[in-house]
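To keep things clear, I will list the structure first and then write my remarks on it.
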Amino acid sequence: MSIHERTSHRLMVGEDEIGYERGWEWKILRAQCQALKMENCYNRYIERLVVTNVALFLFIMELLLIIHIIILYIFADTNFFQSLPYWLVMISMPFILRVCFMDKSKVQFFRFWNVIVSCGAVASVIVMDTLVNLAIVGLDYRVVSSYEFVMIISVYFFLPISFYGKPYLLGLAVSVFYIGYDYFTIPSTNPLKMFMIICFAIYLFTLNVLMMAFRLGIECQLRKKVLSRRQLLNQTLLLKVVMQKERDMINTILPPEIADSLQQEIRTRIEDQRLGKNNSTPRTLFVELHSDVSILVADMVNYTHLTTRLDVRDLVKILHGLFLKFDLAAQQNNVLRIKFLGDSYNCVSGIPHYNRRHAKSCVALALEMIQETKLMRLKTKQTIDMRIGVHSGEVFSGIIGLTKWQYDIWSRDVDIANRLETHGKPGMVHVSQATLSMLDNEYQYVDRGPLSIEDPILLKAHIKTYLIGPQKRKTYSDSYRNMYDYSSESVLSTVQDIQDVVDVDHEEIRAKTHRGMLERVEHMPVGRIQLARIFDFSKKTETGNEDTLFKCHITSFWRLFRNSDIEWNYMNEPDYFIKYSLLMVFFVGCMLFLIHLVQPFETYSLNMGILLLLIFIICLGSFYKTIWVHVSIKWKWTKPRFFLSRWLFRLSEYCEEQLVVRLFISFSSIFLVYIMATIRTVLCNANEFELSLIEADVENKPANMQCFEPWVVTQNVLMVLMLMIFFYGLPLVFKVGLVVFICVSHVLTVEAFIFAWRRTLSTNISLPSEYAHIWNMVAFCLLVVLQELHLTYISKVNYHSKLRYEEKLRQTEIRTQSIQIILANILPTHVADIFLEQGRGEDLFYESYSKVAVMFAFIENFQPDKVGLRVLNEYISYYDDLLAEYVSNFKVEKIKVIGWTYMAACGLRPENMTEFSQRQPERKKKHRSIFRRTGISFRAAEEEELPRRRTFVPRYIHPDLNADDNCVLTMLNFALDMLRVMQDIALQNMYLDYGGSMRGQLKIGISHGPIMAGVVGLSPPHYDIWGHPVNMASRMTSTGVLGSIQVTENTALILRYFDIKCDYRGMTYVKGVGEIPTYLVALDETLNFQNYDDADLDTLLIINNSMAQAAANESRVVYIETTTSASDGEEKEMKNEKASETERKPGGTDI
């Protein structure tokens, strides 16, 4: 699994995916908690939440009892003796529930005692509500119970038994007790006795069922909260890992000073692209000046022989072994390795931090490199040696271009160090007088002599040079080595630590997440009840409780986010539980219909049936998507195709996802069920009803409730109000508004039928019956609102955790994308994927390709100063922009920038490999490169797009062409686009005053054939290619013509197969090879390829035979032994030629 897949891998089913999972939501969440081993965390969070719920129960009971006592004193003319039971329960309740607030570790059988005190609290309230009142007023005057709904709701939510025991048993016991109380207290002479008992039983049964369903919903919310917090913690840990990896990787490319700026630039560009912003900031040049440093340039002798005589494994083994030793020695000597250039190794001391011993450090490193090369020569029996030059001065350091960043150095002094290496001797360190003066006579040396006169650059700079050979004594003091004690073991250990970060195991992340959750659960928000916070004995509550941190994000009462945008997004969150809310509405509708059927009054069954049918249709529509998912035959279900089914499915989705639809459906369903609850009051003839009651009073008979029984209507309305707690996805203000609307409607109903309500029983002696009804309604509403406030708080905490998770996920994705960009700028795409999949490990990485096209492009007429570097950065950036157009089947891969030379290759495809060192990861069919996946452009917005040219399409396909020959055509098209870029820049700047600063010309060389590639070095890993085509492409560039593309004979043959004309240039001397025929690609004035004339096409067959024979002879060319390197040594040759030309130019600038 790649790092990108590991980052985006979901360890749990997200909230947005629950609605599409097969199975019930609570079962899915339970399974997730068990699979992620979160049950202990969930149980611990429940224990903390119980403290808050009990505290909230205490607050509610004390508040209700105080209000009840005040009402009795104001409206019922109650004496102290009659109110004494309420005072006793109010005072004793905190003592009864005291054990719930005690520390769990100090109480044996903690859960058992919580269940016992729950039963005790319920029993005390029931006794106060029924038996004590009965004892006070006697059997002659019956009072109605007023706390049955409080007790049932508390049993299932507020009291500890709701989580520690079996609340349905206690709820059933409470219901049976209250039903028995009614049965024994309602006079048998009352003709409505059985009707009232049945209606009361249905009412209590409905409350129990609703609360059991609510308990399942609360369990889902709490489990989602624990899982979301676990997801947040997991993402936080993963973000830390990714941040560390990003830091480690960027530090392998750049020093921290430039790395920070580059990292910020990458993340800014990624974020701007994610938000769809256009980059308005100019392209940044990451270059710094260092005025007192020493430069080391080392080159391998006989490198050409190695690349042409050794197989890929042996070559990579030698190079990797040497460069690994060099890297370790560089770290030991406080020298920064800059780059590999094929066989060349460049270092500098004094960067990024000043080193007063920089000259001694470089010379000491050079001598160690010579010694390591000698040991490798003896071990491999190969003719290997090093030629090293060291010079002290100043350099510009940094990176240029948009991709394949390499930390590099430029300056006149860097050129001098290259000249010293070129004119040095194998096994010796060639130093300048500036370097020698800083060595304090610690080394034995000899004068190099007048050879420096042969180089115009050294002669112009008056450079005297010296040779330092292997020393008999130590090259540096032990005290200095101890200052930078980088042993081989310590460095490899550091690399392994980085590797561990790269290949982090998800099991390890899960283990860390589990341990972290055991600690974080002690601080998770549980509510804003101050009483609960006082009695919360969780660890570090005072310092780490997140309730304190979260309160600044929401308002105190309405629980609104202080940020209006966040509040609006919260309200628009999908509600995948609304179907269950509507199911509860339908259930209450059925209970109301049942109550309507058992009433002895005139029935309105048709009206009730129509209302219930409407509710059922709404409920069915909301459930349609769930039903479709569950009954779908295919495991990977698809949306329905039949128009009616598709319409219902879409309606179900809208119901879950659209706030406006949810509000409309919720209001409609609640309004319909409220009509069902009060339909008898709506359709009752008030005048006739009042007249019948007056006649009963005159005749001294029981009240004739011919329309409705008031207490039954009140209980019906309470059932409707109970539905408010199920609509989790509705705004609190909307639900409170509905509660107020229903309460006001009921009060108006009481006022309209005041004559009927006054003739019913009251909850207290001397308390008017209408006030008793209103009190029950207000108490129930108060209980529901306080419960809603608590639930909304928990829901807002969940959403806030989700926002934090999404922010962490966004940061992780940006960091991961940054890692991909960084890695794509170190290694080619397929190699980067392998390193992400499998890590570096200890195995060598190498590969062979049967046919790859290689290009070198050298930019002329620039000097290595700050202005020249800025221009070079612009040119390289333009070339890098072209890479985005060459990412299809034959991708152009930028290899590196060597000073002023741009190197690229085409054909580095895994399917072209003939030998490979590691197992490739399994790829998807639609595999896209990292470069394409990242898609980050570093082009500034104000840059004018260069005109795009047409892509060359051959007029015919030669039968001798192979599929992999297209790499040559693609590479040639890319080279031609580079020439077009140079032409366009010249035309755009022709009439500008500063246009001279952008003048430049290209020399391009291309060759193709089998190559070897591999990754060498310690940090950063360096990918390079070797082989005859690489050497020849470099030679084609150094011997090429400005503004032209020079190719070898075998490459010209392939181009002729593509109907691209190549002009024979003649026999050209190539260093290390001798005289060979070379060709220039024929271009017209508009920089388009020239085709062969029709007459020439007839002669191609004859030419092909001779060309094929010549190509075969070229493949057996005998190389001349040389003391210079191949591709990168040629770069030095080009620099020498450039310097010589500069010397001959009148008024030329000195380098």
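Chains: A, B, ... in order of the structure tokens. Residues: from 1 per chain. Ligands: from 1, in order shown.
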
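For His746 of chain A, the set of protein, DNA and RNA residues having any atom at most 10 Å away, when counting only C-alpha atoms and skipping those fewer than 4 positions along the same chain, is Thr678, Val713, Thr714, Val717, Val740, Phe741, Ile742, Val750, Glu751, Ala752, His773, Ile774 and Met777 of chain A.
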
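Distances from A:Gly321, A:Pro954, A:Gly389, A:Gly868 to Asp1059 of chain A were compared using only C-alpha atoms, and the smallest one belongs to A:Pro954.
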
Could you name the residues that touch Gly180 of chain A at 10 Å or less, counting only C-alpha atoms, but leaving out those on the same chain fewer than 6 positions away, as a compact mmCIF listing (two decimals) with C-alpha atoms, in the first residue's frame?
```
# COMPACT_ATOMS: atom_id res chain seq x y z
CA VAL A 174 -42.86 2.12 37.13
CA ILE A 197 -56.82 3.05 32.38
CA ALA A 201 -51.45 2.20 29.80
```

Got a sec: who's within 10 Å of segment 703-709 of chain A, counting only C-alpha atoms, leaving out chain neighbours fewer than 4 positions off, as a ChimeraX atom specification?
/A:190-192,195-196,596,599-603,678-681,683-686,688-697,713-714,756-757,759-760

Point to revise | Residue neighbourhood segment 409-420 of chain A, 7 Å, only C-alpha atoms, exclusion window fewer than 6 positions, as a PyMOL selection string | key: chain A and resi 295-297+389-391+393-398+430-431+458+864-865+1132+1151

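Comparing the minimum interatomic distances between Met903 of chain A and each of A:Leu36, A:Leu969, A:Ala55, A:Ala1033, counting only C-alpha atoms, we find that A:Ala1033 sits nearest.
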
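Within 9 Å of segment 374-384 of chain A there are Met300, Val301, Asn302, Tyr303, Leu306, Ile318, Gly321, Leu322, Met369, Ile370 and Gly427 of chain A, counting only C-alpha atoms and ignoring same-chain residues fewer than 4 positions away.
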
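Our summary of the geometry notes that atom CA of His305 of chain A is positioned 12.4 Å from atom CA of Asp385 of chain A.
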
Report as a VMD selection string: the residues of segment 71-302 of chain A with a DSSP assignment of strand (DSSP E or B), based on the backbone of this structure. chain A and resid 286 to 301

Could you take the residues named above and write them with N, CA and C atoms, as a PDB file, in the first residue's frame?
```
ATOM      1  N   PHE A 286      15.154  30.051  -5.028  1.00  0.00           N
ATOM      2  CA  PHE A 286      15.687  29.580  -3.757  1.00  0.00           C
ATOM      3  C   PHE A 286      17.214  29.491  -3.849  1.00  0.00           C
ATOM      4  N   VAL A 287      17.865  30.643  -3.757  1.00  0.00           N
ATOM      5  CA  VAL A 287      19.316  30.721  -3.884  1.00  0.00           C
ATOM      6  C   VAL A 287      19.852  31.613  -2.775  1.00  0.00           C
ATOM      7  N   GLU A 288      20.976  31.200  -2.164  1.00  0.00           N
ATOM      8  CA  GLU A 288      21.629  31.968  -1.116  1.00  0.00           C
ATOM      9  C   GLU A 288      23.114  32.101  -1.438  1.00  0.00           C
ATOM     10  N   LEU A 289      23.713  33.150  -0.923  1.00  0.00           N
ATOM     11  CA  LEU A 289      25.149  33.388  -1.109  1.00  0.00           C
ATOM     12  C   LEU A 289      25.899  32.983   0.152  1.00  0.00           C
ATOM     13  N   HIS A 290      26.973  32.205  -0.043  1.00  0.00           N
ATOM     14  CA  HIS A 290      27.868  31.826   1.055  1.00  0.00           C
ATOM     15  C   HIS A 290      29.277  32.276   0.667  1.00  0.00           C
ATOM     16  N   SER A 291      29.839  33.134   1.481  1.00  0.00           N
ATOM     17  CA  SER A 291      31.065  33.838   1.063  1.00  0.00           C
ATOM     18  C   SER A 291      32.355  33.155   1.483  1.00  0.00           C
ATOM     19  N   ASP A 292      32.328  32.212   2.389  1.00  0.00           N
ATOM     20  CA  ASP A 292      33.573  31.606   2.876  1.00  0.00           C
ATOM     21  C   ASP A 292      33.381  30.095   2.975  1.00  0.00           C
ATOM     22  N   VAL A 293      33.638  29.401   1.873  1.00  0.00           N
ATOM     23  CA  VAL A 293      33.443  27.961   1.826  1.00  0.00           C
ATOM     24  C   VAL A 293      34.595  27.337   1.041  1.00  0.00           C
ATOM     25  N   SER A 294      34.623  26.015   1.073  1.00  0.00           N
ATOM     26  CA  SER A 294      35.561  25.261   0.242  1.00  0.00           C
ATOM     27  C   SER A 294      34.772  24.266  -0.594  1.00  0.00           C
ATOM     28  N   ILE A 295      35.190  24.142  -1.867  1.00  0.00           N
ATOM     29  CA  ILE A 295      34.481  23.282  -2.808  1.00  0.00           C
ATOM     30  C   ILE A 295      35.379  22.098  -3.164  1.00  0.00           C
ATOM     31  N   LEU A 296      34.793  20.910  -3.132  1.00  0.00           N
ATOM     32  CA  LEU A 296      35.501  19.694  -3.522  1.00  0.00           C
ATOM     33  C   LEU A 296      34.799  19.089  -4.722  1.00  0.00           C
ATOM     34  N   VAL A 297      35.575  18.816  -5.774  1.00  0.00           N
ATOM     35  CA  VAL A 297      35.063  18.158  -6.967  1.00  0.00           C
ATOM     36  C   VAL A 297      35.920  16.922  -7.211  1.00  0.00           C
ATOM     37  N   ALA A 298      35.271  15.767  -7.230  1.00  0.00           N
ATOM     38  CA  ALA A 298      35.983  14.506  -7.440  1.00  0.00           C
ATOM     39  C   ALA A 298      35.423  13.811  -8.664  1.00  0.00           C
ATOM     40  N   ASP A 299      36.310  13.182  -9.431  1.00  0.00           N
ATOM     41  CA  ASP A 299      35.895  12.496 -10.653  1.00  0.00           C
ATOM     42  C   ASP A 299      36.566  11.137 -10.710  1.00  0.00           C
ATOM     43  N   MET A 300      35.808  10.148 -11.164  1.00  0.00           N
ATOM     44  CA  MET A 300      36.317   8.790 -11.228  1.00  0.00           C
ATOM     45  C   MET A 300      37.062   8.572 -12.544  1.00  0.00           C
ATOM     46  N   VAL A 301      38.271   8.068 -12.432  1.00  0.00           N
ATOM     47  CA  VAL A 301      39.082   7.762 -13.603  1.00  0.00           C
ATOM     48  C   VAL A 301      38.631   6.413 -14.171  1.00  0.00           C
TER      49      VAL A 301
END
```

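Every protein or nucleic acid residue with an atom no more than 9 Å from Ile136 of chain A, counting only C-alpha atoms and leaving out same-chain residues fewer than 3 positions away, appears here: A:Phe81, A:Gln82, A:Leu131, A:Val132, A:Asn133.
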